[in-house]
Amino acid sequence: MIGRCLIGLLAALLLVSIPGEAQKVLRNKIQNPSFEFSGRDTVRERPDESWTFKTDNDNVIGRVTSSRAIDGFRSYLIRAEESRGFLESDPFDVDRYERYIFSFGVCGDGIVVPEIRWWREENDSLSLVESQYLSTVLTTEDWSVPQYEVTAPRRATSASVRFAVSKGYVWIDDVRFR
């Protein structure tokens with residue numbers, strides 16, 4: 001019994017003593033990765049105003065839903081059978097040349113093209129440095145979690161993630177950039 005307690009204590013001390021650099025890797029930079037609402041607001045379709053949905057076709061719909069979720073109670077549903085819909089996070093700070101892991105939960109019957117948009121701050125505004133398109137994801141009814149390792153370009157000071165959805169229904173949830 002005492003031996004188990006000592007092993008548990010040593011394991012806890014080891015976790016607490018993870019160097020600062022390793023802890024930085026684990027921290028998610030995406031605001032509201034699971035599309036949950038704050039407070040009692042159940043009417044809004046843009047949780048915490050940290051995500052933007054755009055399309056050029058009125059038949060494409062994007063909204064927060066509680067019909068499916070991999071984390072929390074909600075996910076983001078994009079119905080884009082006739083055209084494309086784009087869901088993009090607000091920009092967040094990144095370090096130049098730093099490696100990041102980007103992942104997200106996805107399911108449905110459509111196509112998703114994930115993209116990292118790298119930004120640079122110039123004269124109090126952001127300008128696009130580079131768009132990095134990642135491998136296309138063909139969704140299925142079961143949740144999958146695609147994962148990518150990316151490196152921030154030399155001139156990038158910020159990034160945003162964007163999903164282009166087409167040819168069906170797609171649920172996106174638990175978006176992580178760490």
# chains A, B, ... in the order shown; residues from 1 in each chain; ligands from 1
>>> residues_around(residues="A:Glu130", least_positions_apart="6", cutoff="9 Å", atoms="only C-alpha atoms", output="ChimeraX atom specification")
/A:116-119,153,156
>>> write_last_selection(atoms="N, CA and C atoms", output="CSV table (one decimal), in the first residue's frame")
chain,number,residue,atom,x,y,z
A,116,ILE,N,-4.5,26.3,-42.9
A,116,ILE,CA,-3.9,27.2,-41.9
A,116,ILE,C,-3.6,28.5,-42.7
A,117,ARG,N,-4.1,29.6,-42.2
A,117,ARG,CA,-3.8,30.9,-42.8
A,117,ARG,C,-2.8,31.6,-41.8
A,118,TRP,N,-1.6,31.9,-42.3
A,118,TRP,CA,-0.5,32.5,-41.6
A,118,TRP,C,-0.6,34.0,-41.8
A,119,TRP,N,-0.6,34.8,-40.7
A,119,TRP,CA,-0.7,36.3,-40.8
A,119,TRP,C,0.5,37.0,-40.2
A,153,PRO,N,5.7,29.9,-40.5
A,153,PRO,CA,6.7,30.5,-41.4
A,153,PRO,C,7.5,31.6,-40.7
A,156,ALA,N,5.5,34.9,-40.1
A,156,ALA,CA,4.1,34.8,-39.4
A,156,ALA,C,4.2,35.2,-37.9
>>> residues_around(residues="A:Asp93", least_positions_apart="5", cutoff="7 Å", atoms="only C-alpha atoms", output="VMD selection string")
chain A and resid 157 to 159
>>> closest_residue(among="A:Arg176, A:Pro146, A:Leu128, A:Asn123", to="A:Asn32", atoms="only C-alpha atoms")
A:Arg176
>>> residues_around(residues="stretch 65-80 of chain A", least_positions_apart="2", cutoff="8 Å", atoms="only C-alpha atoms", output="MDAnalysis selection string")
chainID A and resid 34:36 59:63 82:85 105 110 143 165:174
>>> residues_around(residues="A:Val175", least_positions_apart="2", cutoff="6 Å", atoms="only C-alpha atoms", output="CSV table (one decimal) with N, CA and C atoms, in the first residue's frame")
chain,number,residue,atom,x,y,z
A,33,PRO,N,-12.8,25.8,-28.7
A,33,PRO,CA,-12.6,24.7,-29.7
A,33,PRO,C,-13.8,23.8,-29.8
A,103,SER,N,-5.4,19.6,-35.0
A,103,SER,CA,-6.3,18.5,-35.0
A,103,SER,C,-7.7,19.0,-34.9
A,104,PHE,N,-8.7,18.2,-35.3
A,104,PHE,CA,-10.1,18.5,-35.1
A,104,PHE,C,-10.9,17.2,-35.3
A,173,ASP,N,-15.8,19.7,-34.6
A,173,ASP,CA,-15.8,19.8,-33.2
A,173,ASP,C,-14.3,19.7,-32.7
>>> atom_distance(atom1="atom CA of A:Gln147", atom2="atom CA of A:Leu87")
17.8 Å
>>> residues_around(residues="A:Leu138", least_positions_apart="2", cutoff="10 Å", atoms="only C-alpha atoms", output="PyMOL selection string")
chain A and resi 106-113+135-136+140+167+170
>>> select_by_dssp(residues="stretch 67-143 of chain A", states="strand (DSSP E or B)", output="JSON, numbers by chain")
{"A": [75, 76, 77, 78, 79, 80, 81, 82, 83, 84, 85, 86, 87, 88, 89, 92, 93, 99, 100, 101, 102, 103, 104, 105, 106, 107, 108, 111, 112, 113, 114, 115, 116, 117, 118, 119, 120, 121, 122, 125, 126, 127, 128, 129, 130, 131, 132, 133, 137, 138]}
>>> atom_distance(atom1="atom CA of A:Thr151", atom2="atom CA of A:Arg96")
8.0 Å
>>> atom_distance(atom1="atom CA of A:Trp51", atom2="atom CA of A:Pro91")
9.6 Å
>>> residues_around(residues="A:Thr52", least_positions_apart="3", cutoff="9 Å", atoms="only C-alpha atoms", output="list in words")
Arg46, Glu49, Phe86, Leu87, Glu88, Ser89 and Asp90 of chain A
>>> write_last_selection(atoms="N, CA and C atoms", output="PDB file, in the first residue's frame")
ATOM      1  N   ARG A  46     -23.097  32.139 -33.365  1.00  0.00           N
ATOM      2  CA  ARG A  46     -21.651  32.317 -33.363  1.00  0.00           C
ATOM      3  C   ARG A  46     -21.176  32.331 -31.927  1.00  0.00           C
ATOM      4  N   GLU A  49     -18.264  34.729 -30.434  1.00  0.00           N
ATOM      5  CA  GLU A  49     -17.814  35.595 -31.516  1.00  0.00           C
ATOM      6  C   GLU A  49     -16.385  35.288 -31.963  1.00  0.00           C
ATOM      7  N   PHE A  86     -17.386  28.224 -45.541  1.00  0.00           N
ATOM      8  CA  PHE A  86     -16.081  28.403 -44.906  1.00  0.00           C
ATOM      9  C   PHE A  86     -16.262  28.793 -43.445  1.00  0.00           C
ATOM     10  N   LEU A  87     -15.649  28.045 -42.553  1.00  0.00           N
ATOM     11  CA  LEU A  87     -15.656  28.342 -41.124  1.00  0.00           C
ATOM     12  C   LEU A  87     -14.227  28.679 -40.733  1.00  0.00           C
ATOM     13  N   GLU A  88     -14.030  29.881 -40.149  1.00  0.00           N
ATOM     14  CA  GLU A  88     -12.668  30.318 -39.807  1.00  0.00           C
ATOM     15  C   GLU A  88     -12.615  30.845 -38.375  1.00  0.00           C
ATOM     16  N   SER A  89     -11.541  30.477 -37.693  1.00  0.00           N
ATOM     17  CA  SER A  89     -11.302  30.979 -36.334  1.00  0.00           C
ATOM     18  C   SER A  89     -10.759  32.399 -36.405  1.00  0.00           C
ATOM     19  N   ASP A  90     -10.873  33.109 -35.303  1.00  0.00           N
ATOM     20  CA  ASP A  90     -10.178  34.383 -35.191  1.00  0.00           C
ATOM     21  C   ASP A  90      -8.679  34.112 -35.165  1.00  0.00           C
TER      22      ASP A  90
END
